[in-house]
6 protein chains.
Amino acid sequence: MTVERLEAGLKKIKEYVSEEEAERMMTADTLKDLAPDLRKYIVEFGYGEIYSRPGLDNKQRQLVTISSLVTQGTIPQIKTHVQRGLTVGLTKTEIVESIMQLIPYVGFPRVQNALMAAKELLENE
Amino acid sequence: MTVERLEAGLKKIKEYVSEEEAERMMTADTLKDLAPDLRKYIVEFGYGEIYSRPGLDNKQRQLVTISSLVTQGTIPQIKTHVQRGLTVGLTKTEIVESIMQLIPYVGFPRVQNALMAAKELLENE
Amino acid sequence: MTVERLEAGLKKIKEYVSEEEAERMMTADTLKDLAPDLRKYIVEFGYGEIYSRPGLDNKQRQLVTISSLVTQGTIPQIKTHVQRGLTVGLTKTEIVESIMQLIPYVGFPRVQNALMAAKELLENE
Amino acid sequence: MTVERLEAGLKKIKEYVSEEEAERMMTADTLKDLAPDLRKYIVEFGYGEIYSRPGLDNKQRQLVTISSLVTQGTIPQIKTHVQRGLTVGLTKTEIVESIMQLIPYVGFPRVQNALMAAKELLENE
Amino acid sequence: MTVERLEAGLKKIKEYVSEEEAERMMTADTLKDLAPDLRKYIVEFGYGEIYSRPGLDNKQRQLVTISSLVTQGTIPQIKTHVQRGLTVGLTKTEIVESIMQLIPYVGFPRVQNALMAAKELLENE
Amino acid sequence: MTVERLEAGLKKIKEYVSEEEAERMMTADTLKDLAPDLRKYIVEFGYGEIYSRPGLDNKQRQLVTISSLVTQGTIPQIKTHVQRGLTVGLTKTEIVESIMQLIPYVGFPRVQNALMAAKELLENE
């Protein structure tokens, strides 16, 4: 993509993570050697395109994202996006209640595993 | 559960569906003969307990629910909850953007199938 | 595999379907031209090996199988195995209750879709 | 829900776990501070409603539950429910065979991961 | 993204579909009114970025894609990508065998449903 | 199955793993006591039947298998089959690109988790 897109993504992602974290994402990426473009696509396409769309605020985007990750049971990303949810201003209550709201749709096990994964992050709030 | 719980659920569900629809849910339930308690549990536990919790508004609950259903690909429920989302006041844009927000998390196929399922409902808005 | 294995599978599958159905499975298989070995593997490996193992009775095997299919949401196979469950002697109640038992583990949508799929078969009982 | 429902759930769950374990579930719940109602719902709705339904015995309920969890691959709950299966009287053989029965429906990886998770519990039998 | 990216994607997609089909994708898109950017992202990001990466040929990309779609059970996309597989030169045998190869990894139901979905397309070969 | 089938499977699996590894699979199997037939079925049915089919080469089979495992998110098997992919001659690049190809079909989280799981194996290449 274009440099403009990368910059748009980096600008957008700084609304979701600290400036240091944003830098770290581009420099200290664990997959930098194996798959250098993965992070680039997350920033350029994910944040430069999708997260930059109008129509939803950052809190709504994080609620939708956390809900999908809890449904999939992808634990590392549940932690990452619970943190980003707190950063964009979701309250601990909004995050816990969004996960509890999924009980009728995914059942208890995925809800329980997601809350266990988010526990430390949320209790430090 | 208790009559109180059933009434609480029916009261809550009327925030998500029309009065007629709420009545129909309890009377014209297709699974009434085969599994009479299924609807009862959805109303009593789903709406009387989970949807009745504090901490999220009805729009947030529907965004979280639609996101989980799109991630699972359960088409009939995507339609049902897109309609309930419109009823609680989510705009067509908010619903479409919530589904688009999932592209980086579930990929294009589930997003495409969800939008196809919701198309008619949303275009009638 | 060996002719013995194929015969063992055909013998076993006749405990789950009518003799006519068993014949039909081998002769009128819709995928016979495209993937002739698929049915062979289902009979030889599925029924000749797995279903022929000691330790569970036919009713237990069908409860376990139906539970997995409801969890996956694979509708055509839910219908097939609900029918086989009835054939091996599971009651309509046991099948409905096994699907209802999954509400806390998969949520309402998959349970609802499975009961809708099994409705006609079970109501003809 | 009502106190009656909570008591019904606690009474039922004691058929699946030791008295000590049942007490521990209500008192030493790791998610007690973050999501105090999660355990309550599991006991009240899960055990007080669903597990309290007629039509299946406790062994059948655990076979169905374990099958769903193996299909989903939710490891912590596989361990919990394999233990509950042993408590309600399922033999080691019935549990292993139920997991093996899923090979044709979920493939080898989920079966292998489930057996690895249950290994220690089952070998202590 | 940039016009260059859109053009790169359209150029790449023409290796997977007929020229007419490529035009149709951009003009007669059923979701054009509801979600005009969905198709754009598929072409720009999907084909302009991912499919345009070096390291795999078009046949390998389609084998990998079909395998993922069979595993997910997303029927409409299985049909689309089986057709694209034929267009890039995969033989009917390679496609059927790739689906059969998944039996040990996803079980029989998803393989059977995928072959049923692809049947007409493949038998017209 | 027959001794012939077991031998066919062992012969075939030696194309995917070292001779020592093949021996270890049959002798030092961790699930040998709990589920002695699991490994037997993997070798006899998986390798003696499915992997022994004509129509695909070993590299194609591993691409298809890895794609399915990444889509499912079954981490231990992703590691096993990335190693087997390297053994049959897939390059590090072909494996990484096959996982990257899945971004549009499963989203970033499963791709990221798969690359993290395969990182050590691939960087030792």
# chains A, B, ... in the order shown; residues from 1 in each chain; ligands from 1
>>> interface_residues(of="chain B", to="chain E", cutoff="8 Å", atoms="only C-alpha atoms", output="number ranges by chain")
B: 96, 100, 108-110, 112, 115-116, 119, 122-123
>>> write_last_selection(atoms="all heavy atoms", output="short mmCIF file (atom, residue, chain, number, x, y, z; two decimals), in the first residue's frame")
data_model
loop_
_atom_site.label_atom_id
_atom_site.label_comp_id
_atom_site.auth_asym_id
_atom_site.auth_seq_id
_atom_site.Cartn_x
_atom_site.Cartn_y
_atom_site.Cartn_z
N VAL B 96 -24.26 -2.14 9.56
CA VAL B 96 -23.35 -2.50 8.46
C VAL B 96 -21.89 -2.31 8.88
O VAL B 96 -21.06 -3.19 8.64
CB VAL B 96 -23.66 -1.66 7.19
CG1 VAL B 96 -22.59 -1.89 6.11
CG2 VAL B 96 -25.04 -2.00 6.64
N MET B 100 -18.80 -4.90 8.96
CA MET B 100 -17.54 -4.60 8.23
C MET B 100 -16.33 -4.60 9.17
O MET B 100 -15.23 -5.01 8.79
CB MET B 100 -17.65 -3.24 7.53
CG MET B 100 -18.66 -3.16 6.42
SD MET B 100 -18.22 -4.13 4.95
CE MET B 100 -16.99 -3.03 4.22
N PHE B 108 -13.29 -12.33 5.03
CA PHE B 108 -14.36 -11.86 4.14
C PHE B 108 -15.57 -12.80 4.06
O PHE B 108 -16.70 -12.31 4.01
CB PHE B 108 -13.81 -11.63 2.72
CG PHE B 108 -12.90 -10.44 2.62
CD1 PHE B 108 -11.53 -10.59 2.43
CD2 PHE B 108 -13.40 -9.14 2.71
CE1 PHE B 108 -10.68 -9.48 2.33
CE2 PHE B 108 -12.56 -8.03 2.62
CZ PHE B 108 -11.20 -8.21 2.43
N PRO B 109 -15.40 -14.14 4.05
CA PRO B 109 -16.58 -14.98 3.79
C PRO B 109 -17.71 -14.80 4.79
O PRO B 109 -18.86 -14.61 4.41
CB PRO B 109 -16.02 -16.40 3.82
CG PRO B 109 -14.59 -16.25 3.39
CD PRO B 109 -14.16 -14.96 4.02
N ARG B 110 -17.42 -14.81 6.08
CA ARG B 110 -18.50 -14.69 7.07
C ARG B 110 -19.13 -13.29 7.03
O ARG B 110 -20.34 -13.15 7.25
CB ARG B 110 -17.99 -15.04 8.47
CG ARG B 110 -17.72 -16.53 8.60
CD ARG B 110 -17.30 -16.96 9.99
NE ARG B 110 -16.96 -18.38 9.99
CZ ARG B 110 -17.85 -19.35 10.12
NH1 ARG B 110 -19.13 -19.08 10.23
NH2 ARG B 110 -17.47 -20.61 10.11
N GLN B 112 -19.36 -11.39 4.32
CA GLN B 112 -20.15 -11.38 3.09
C GLN B 112 -21.48 -12.14 3.29
O GLN B 112 -22.55 -11.64 2.94
CB GLN B 112 -19.33 -12.05 2.00
CG GLN B 112 -19.86 -11.91 0.60
CD GLN B 112 -18.84 -12.44 -0.42
OE1 GLN B 112 -18.16 -13.43 -0.16
NE2 GLN B 112 -18.74 -11.76 -1.55
N LEU B 115 -23.84 -10.06 5.52
CA LEU B 115 -24.44 -8.91 4.83
C LEU B 115 -25.50 -9.38 3.83
O LEU B 115 -26.55 -8.75 3.69
CB LEU B 115 -23.36 -8.09 4.13
CG LEU B 115 -22.48 -7.27 5.08
CD1 LEU B 115 -21.25 -6.73 4.35
CD2 LEU B 115 -23.26 -6.12 5.73
N MET B 116 -25.27 -10.51 3.17
CA MET B 116 -26.27 -11.07 2.27
C MET B 116 -27.55 -11.42 3.06
O MET B 116 -28.66 -11.15 2.61
CB MET B 116 -25.74 -12.33 1.57
CG MET B 116 -24.70 -12.09 0.50
SD MET B 116 -25.28 -11.01 -0.84
CE MET B 116 -26.53 -12.08 -1.58
N LYS B 119 -29.28 -8.15 4.12
CA LYS B 119 -29.53 -7.21 3.01
C LYS B 119 -30.97 -6.72 2.94
O LYS B 119 -31.24 -5.52 3.03
CB LYS B 119 -29.14 -7.90 1.71
CG LYS B 119 -29.14 -7.02 0.46
CD LYS B 119 -28.63 -7.84 -0.72
CE LYS B 119 -28.45 -6.98 -1.97
NZ LYS B 119 -29.71 -6.43 -2.49
N LEU B 122 -32.15 -4.60 5.88
CA LEU B 122 -31.49 -3.28 5.99
C LEU B 122 -31.90 -2.37 4.85
O LEU B 122 -32.05 -1.16 5.04
CB LEU B 122 -29.98 -3.46 6.03
CG LEU B 122 -29.46 -4.08 7.33
CD1 LEU B 122 -28.01 -4.49 7.19
CD2 LEU B 122 -29.63 -3.11 8.50
N GLU B 123 -32.14 -2.95 3.66
CA GLU B 123 -32.51 -2.10 2.53
C GLU B 123 -33.95 -1.62 2.64
O GLU B 123 -34.33 -0.64 2.01
CB GLU B 123 -32.23 -2.81 1.21
CG GLU B 123 -30.72 -2.88 0.95
CD GLU B 123 -30.36 -3.56 -0.35
OE1 GLU B 123 -31.22 -4.20 -0.96
OE2 GLU B 123 -29.18 -3.44 -0.74
#
>>> select_by_dssp(residues="region 13-49 of chain C", states="alpha helix (DSSP H)", output="JSON, numbers by chain")
{"C": [13, 19, 20, 21, 22, 23, 24, 25, 26, 27, 36, 37, 38, 39, 40, 41]}
>>> write_last_selection(atoms="N, CA, C and O atoms", output="PDB file, in the first residue's frame")
ATOM      1  N   ILE C  13     -23.583 -50.976  10.090  1.00  0.00           N
ATOM      2  CA  ILE C  13     -24.447 -49.856   9.719  1.00  0.00           C
ATOM      3  C   ILE C  13     -25.916 -50.293   9.666  1.00  0.00           C
ATOM      4  O   ILE C  13     -26.818 -49.487   9.924  1.00  0.00           O
ATOM      5  N   GLU C  19     -32.297 -52.011   6.193  1.00  0.00           N
ATOM      6  CA  GLU C  19     -31.553 -52.776   5.171  1.00  0.00           C
ATOM      7  C   GLU C  19     -31.592 -52.030   3.834  1.00  0.00           C
ATOM      8  O   GLU C  19     -30.566 -51.859   3.172  1.00  0.00           O
ATOM      9  N   GLU C  20     -32.779 -51.511   3.488  1.00  0.00           N
ATOM     10  CA  GLU C  20     -32.931 -50.787   2.201  1.00  0.00           C
ATOM     11  C   GLU C  20     -31.997 -49.562   2.196  1.00  0.00           C
ATOM     12  O   GLU C  20     -31.259 -49.313   1.241  1.00  0.00           O
ATOM     13  N   GLU C  21     -32.025 -48.808   3.292  1.00  0.00           N
ATOM     14  CA  GLU C  21     -31.188 -47.613   3.402  1.00  0.00           C
ATOM     15  C   GLU C  21     -29.708 -47.992   3.266  1.00  0.00           C
ATOM     16  O   GLU C  21     -28.950 -47.318   2.570  1.00  0.00           O
ATOM     17  N   ALA C  22     -29.323 -49.078   3.906  1.00  0.00           N
ATOM     18  CA  ALA C  22     -27.919 -49.526   3.822  1.00  0.00           C
ATOM     19  C   ALA C  22     -27.546 -49.832   2.374  1.00  0.00           C
ATOM     20  O   ALA C  22     -26.491 -49.404   1.885  1.00  0.00           O
ATOM     21  N   GLU C  23     -28.433 -50.529   1.675  1.00  0.00           N
ATOM     22  CA  GLU C  23     -28.166 -50.821   0.259  1.00  0.00           C
ATOM     23  C   GLU C  23     -28.064 -49.520  -0.515  1.00  0.00           C
ATOM     24  O   GLU C  23     -27.120 -49.297  -1.276  1.00  0.00           O
ATOM     25  N   ARG C  24     -29.039 -48.652  -0.300  1.00  0.00           N
ATOM     26  CA  ARG C  24     -29.082 -47.371  -1.012  1.00  0.00           C
ATOM     27  C   ARG C  24     -27.778 -46.578  -0.808  1.00  0.00           C
ATOM     28  O   ARG C  24     -27.234 -45.975  -1.743  1.00  0.00           O
ATOM     29  N   MET C  25     -27.281 -46.618   0.436  1.00  0.00           N
ATOM     30  CA  MET C  25     -26.042 -45.884   0.735  1.00  0.00           C
ATOM     31  C   MET C  25     -24.896 -46.316  -0.167  1.00  0.00           C
ATOM     32  O   MET C  25     -24.059 -45.506  -0.558  1.00  0.00           O
ATOM     33  N   MET C  26     -24.866 -47.609  -0.482  1.00  0.00           N
ATOM     34  CA  MET C  26     -23.761 -48.097  -1.306  1.00  0.00           C
ATOM     35  C   MET C  26     -24.048 -47.965  -2.799  1.00  0.00           C
ATOM     36  O   MET C  26     -23.128 -47.864  -3.602  1.00  0.00           O
ATOM     37  N   THR C  27     -25.332 -47.939  -3.169  1.00  0.00           N
ATOM     38  CA  THR C  27     -25.648 -47.946  -4.599  1.00  0.00           C
ATOM     39  C   THR C  27     -26.056 -46.558  -5.112  1.00  0.00           C
ATOM     40  O   THR C  27     -25.554 -46.102  -6.129  1.00  0.00           O
ATOM     41  N   PRO C  36     -16.074 -41.596  -5.171  1.00  0.00           N
ATOM     42  CA  PRO C  36     -16.568 -42.959  -4.887  1.00  0.00           C
ATOM     43  C   PRO C  36     -16.063 -43.531  -3.560  1.00  0.00           C
ATOM     44  O   PRO C  36     -16.745 -44.340  -2.939  1.00  0.00           O
ATOM     45  N   ASP C  37     -14.914 -43.063  -3.103  1.00  0.00           N
ATOM     46  CA  ASP C  37     -14.356 -43.643  -1.879  1.00  0.00           C
ATOM     47  C   ASP C  37     -14.906 -43.021  -0.607  1.00  0.00           C
ATOM     48  O   ASP C  37     -14.729 -43.577   0.477  1.00  0.00           O
ATOM     49  N   LEU C  38     -15.578 -41.881  -0.707  1.00  0.00           N
ATOM     50  CA  LEU C  38     -16.068 -41.228   0.512  1.00  0.00           C
ATOM     51  C   LEU C  38     -17.000 -42.158   1.275  1.00  0.00           C
ATOM     52  O   LEU C  38     -16.796 -42.438   2.451  1.00  0.00           O
ATOM     53  N   ARG C  39     -17.993 -42.686   0.589  1.00  0.00           N
ATOM     54  CA  ARG C  39     -18.945 -43.600   1.234  1.00  0.00           C
ATOM     55  C   ARG C  39     -18.229 -44.846   1.751  1.00  0.00           C
ATOM     56  O   ARG C  39     -18.501 -45.325   2.843  1.00  0.00           O
ATOM     57  N   LYS C  40     -17.290 -45.337   0.935  1.00  0.00           N
ATOM     58  CA  LYS C  40     -16.517 -46.525   1.337  1.00  0.00           C
ATOM     59  C   LYS C  40     -15.811 -46.275   2.673  1.00  0.00           C
ATOM     60  O   LYS C  40     -15.864 -47.108   3.586  1.00  0.00           O
ATOM     61  N   TYR C  41     -15.195 -45.112   2.807  1.00  0.00           N
ATOM     62  CA  TYR C  41     -14.488 -44.790   4.058  1.00  0.00           C
ATOM     63  C   TYR C  41     -15.465 -44.657   5.222  1.00  0.00           C
ATOM     64  O   TYR C  41     -15.161 -45.073   6.341  1.00  0.00           O
TER      65      TYR C  41
END
>>> atom_distance(atom1="CA of Ser68 (chain A)", atom2="CA of Ala117 (chain F)")
21.6 Å
>>> atom_distance(atom1="CA of Glu120 (chain A)", atom2="CA of Val82 (chain A)")
10.7 Å
>>> residues_around(residues="Thr71 (chain B)", least_positions_apart="5", cutoff="10 Å", atoms="only C-alpha atoms", output="PyMOL selection string")
(chain A and resi 67-72) or (chain B and resi 65-66+99+102-103+105-107+110-111+114)
>>> atom_distance(atom1="CA of Tyr16 (chain A)", atom2="CA of Arg84 (chain A)")
5.2 Å
>>> residues_around(residues="Glu15 (chain B)", least_positions_apart="4", cutoff="8 Å", atoms="only C-alpha atoms", output="ChimeraX atom specification")
/B:11,87-88
>>> write_last_selection(atoms="all heavy atoms", output="PDB file, in the first residue's frame")
ATOM      1  N   LYS B  11     -41.219  -8.297  29.613  1.00  0.00           N
ATOM      2  CA  LYS B  11     -41.148  -6.831  29.661  1.00  0.00           C
ATOM      3  C   LYS B  11     -39.893  -6.355  28.920  1.00  0.00           C
ATOM      4  O   LYS B  11     -39.936  -5.450  28.090  1.00  0.00           O
ATOM      5  CB  LYS B  11     -41.122  -6.384  31.120  1.00  0.00           C
ATOM      6  CG  LYS B  11     -41.236  -4.888  31.369  1.00  0.00           C
ATOM      7  CD  LYS B  11     -41.689  -4.623  32.818  1.00  0.00           C
ATOM      8  CE  LYS B  11     -41.625  -3.153  33.179  1.00  0.00           C
ATOM      9  NZ  LYS B  11     -40.240  -2.595  33.015  1.00  0.00           N
ATOM     10  N   THR B  87     -34.775  -2.185  15.819  1.00  0.00           N
ATOM     11  CA  THR B  87     -35.860  -1.843  16.758  1.00  0.00           C
ATOM     12  C   THR B  87     -35.355  -1.059  17.967  1.00  0.00           C
ATOM     13  O   THR B  87     -36.000  -0.119  18.408  1.00  0.00           O
ATOM     14  CB  THR B  87     -36.578  -3.130  17.235  1.00  0.00           C
ATOM     15  OG1 THR B  87     -37.006  -3.865  16.087  1.00  0.00           O
ATOM     16  CG2 THR B  87     -37.780  -2.801  18.110  1.00  0.00           C
ATOM     17  N   VAL B  88     -34.174  -1.399  18.473  1.00  0.00           N
ATOM     18  CA  VAL B  88     -33.648  -0.654  19.634  1.00  0.00           C
ATOM     19  C   VAL B  88     -32.956   0.637  19.221  1.00  0.00           C
ATOM     20  O   VAL B  88     -32.422   1.348  20.073  1.00  0.00           O
ATOM     21  CB  VAL B  88     -32.694  -1.500  20.518  1.00  0.00           C
ATOM     22  CG1 VAL B  88     -33.439  -2.678  21.139  1.00  0.00           C
ATOM     23  CG2 VAL B  88     -31.460  -1.962  19.754  1.00  0.00           C
TER      24      VAL B  88
END
>>> decode(residues="region 74-91 of chain E", atoms="N, CA, C and O atoms", output="PDB file, in the first residue's frame")
ATOM      1  N   THR E  74     -18.181 -22.724   4.862  1.00  0.00           N
ATOM      2  CA  THR E  74     -18.883 -21.592   4.225  1.00  0.00           C
ATOM      3  C   THR E  74     -19.178 -21.929   2.760  1.00  0.00           C
ATOM      4  O   THR E  74     -18.376 -21.627   1.864  1.00  0.00           O
ATOM      5  N   ILE E  75     -20.346 -22.532   2.552  1.00  0.00           N
ATOM      6  CA  ILE E  75     -20.743 -23.119   1.264  1.00  0.00           C
ATOM      7  C   ILE E  75     -20.643 -22.153   0.067  1.00  0.00           C
ATOM      8  O   ILE E  75     -20.018 -22.512  -0.938  1.00  0.00           O
ATOM      9  N   PRO E  76     -21.212 -20.937   0.129  1.00  0.00           N
ATOM     10  CA  PRO E  76     -21.153 -20.108  -1.082  1.00  0.00           C
ATOM     11  C   PRO E  76     -19.719 -19.862  -1.558  1.00  0.00           C
ATOM     12  O   PRO E  76     -19.449 -19.911  -2.760  1.00  0.00           O
ATOM     13  N   GLN E  77     -18.827 -19.644  -0.610  1.00  0.00           N
ATOM     14  CA  GLN E  77     -17.430 -19.382  -0.992  1.00  0.00           C
ATOM     15  C   GLN E  77     -16.728 -20.660  -1.465  1.00  0.00           C
ATOM     16  O   GLN E  77     -15.807 -20.584  -2.283  1.00  0.00           O
ATOM     17  N   ILE E  78     -17.131 -21.816  -0.965  1.00  0.00           N
ATOM     18  CA  ILE E  78     -16.562 -23.073  -1.483  1.00  0.00           C
ATOM     19  C   ILE E  78     -16.840 -23.157  -2.983  1.00  0.00           C
ATOM     20  O   ILE E  78     -15.933 -23.425  -3.781  1.00  0.00           O
ATOM     21  N   LYS E  79     -18.085 -22.855  -3.378  1.00  0.00           N
ATOM     22  CA  LYS E  79     -18.417 -22.888  -4.812  1.00  0.00           C
ATOM     23  C   LYS E  79     -17.567 -21.891  -5.601  1.00  0.00           C
ATOM     24  O   LYS E  79     -16.950 -22.233  -6.606  1.00  0.00           O
ATOM     25  N   THR E  80     -17.525 -20.653  -5.115  1.00  0.00           N
ATOM     26  CA  THR E  80     -16.754 -19.612  -5.815  1.00  0.00           C
ATOM     27  C   THR E  80     -15.298 -20.031  -6.021  1.00  0.00           C
ATOM     28  O   THR E  80     -14.756 -19.909  -7.121  1.00  0.00           O
ATOM     29  N   HIS E  81     -14.688 -20.571  -4.972  1.00  0.00           N
ATOM     30  CA  HIS E  81     -13.259 -20.852  -5.068  1.00  0.00           C
ATOM     31  C   HIS E  81     -12.941 -22.184  -5.728  1.00  0.00           C
ATOM     32  O   HIS E  81     -11.835 -22.366  -6.252  1.00  0.00           O
ATOM     33  N   VAL E  82     -13.876 -23.106  -5.758  1.00  0.00           N
ATOM     34  CA  VAL E  82     -13.688 -24.306  -6.577  1.00  0.00           C
ATOM     35  C   VAL E  82     -13.664 -23.880  -8.048  1.00  0.00           C
ATOM     36  O   VAL E  82     -12.794 -24.295  -8.816  1.00  0.00           O
ATOM     37  N   GLN E  83     -14.558 -22.970  -8.426  1.00  0.00           N
ATOM     38  CA  GLN E  83     -14.561 -22.457  -9.807  1.00  0.00           C
ATOM     39  C   GLN E  83     -13.256 -21.734 -10.119  1.00  0.00           C
ATOM     40  O   GLN E  83     -12.662 -21.954 -11.166  1.00  0.00           O
ATOM     41  N   ARG E  84     -12.781 -20.894  -9.184  1.00  0.00           N
ATOM     42  CA  ARG E  84     -11.516 -20.179  -9.417  1.00  0.00           C
ATOM     43  C   ARG E  84     -10.346 -21.166  -9.484  1.00  0.00           C
ATOM     44  O   ARG E  84      -9.417 -20.980 -10.262  1.00  0.00           O
ATOM     45  N   GLY E  85     -10.434 -22.244  -8.698  1.00  0.00           N
ATOM     46  CA  GLY E  85      -9.402 -23.286  -8.761  1.00  0.00           C
ATOM     47  C   GLY E  85      -9.326 -23.902 -10.148  1.00  0.00           C
ATOM     48  O   GLY E  85      -8.226 -24.076 -10.707  1.00  0.00           O
ATOM     49  N   LEU E  86     -10.501 -24.189 -10.722  1.00  0.00           N
ATOM     50  CA  LEU E  86     -10.525 -24.743 -12.082  1.00  0.00           C
ATOM     51  C   LEU E  86      -9.959 -23.733 -13.074  1.00  0.00           C
ATOM     52  O   LEU E  86      -9.182 -24.090 -13.965  1.00  0.00           O
ATOM     53  N   THR E  87     -10.301 -22.458 -12.878  1.00  0.00           N
ATOM     54  CA  THR E  87      -9.832 -21.398 -13.787  1.00  0.00           C
ATOM     55  C   THR E  87      -8.303 -21.266 -13.774  1.00  0.00           C
ATOM     56  O   THR E  87      -7.682 -21.068 -14.819  1.00  0.00           O
ATOM     57  N   VAL E  88      -7.685 -21.403 -12.598  1.00  0.00           N
ATOM     58  CA  VAL E  88      -6.210 -21.286 -12.551  1.00  0.00           C
ATOM     59  C   VAL E  88      -5.515 -22.583 -12.929  1.00  0.00           C
ATOM     60  O   VAL E  88      -4.281 -22.667 -12.896  1.00  0.00           O
ATOM     61  N   GLY E  89      -6.303 -23.624 -13.231  1.00  0.00           N
ATOM     62  CA  GLY E  89      -5.680 -24.820 -13.768  1.00  0.00           C
ATOM     63  C   GLY E  89      -5.601 -26.026 -12.842  1.00  0.00           C
ATOM     64  O   GLY E  89      -4.994 -27.040 -13.194  1.00  0.00           O
ATOM     65  N   LEU E  90      -6.218 -25.928 -11.649  1.00  0.00           N
ATOM     66  CA  LEU E  90      -6.303 -27.129 -10.826  1.00  0.00           C
ATOM     67  C   LEU E  90      -7.205 -28.118 -11.557  1.00  0.00           C
ATOM     68  O   LEU E  90      -8.214 -27.720 -12.149  1.00  0.00           O
ATOM     69  N   THR E  91      -6.857 -29.393 -11.532  1.00  0.00           N
ATOM     70  CA  THR E  91      -7.716 -30.393 -12.157  1.00  0.00           C
ATOM     71  C   THR E  91      -8.842 -30.753 -11.195  1.00  0.00           C
ATOM     72  O   THR E  91      -8.730 -30.555  -9.975  1.00  0.00           O
TER      73      THR E  91
END
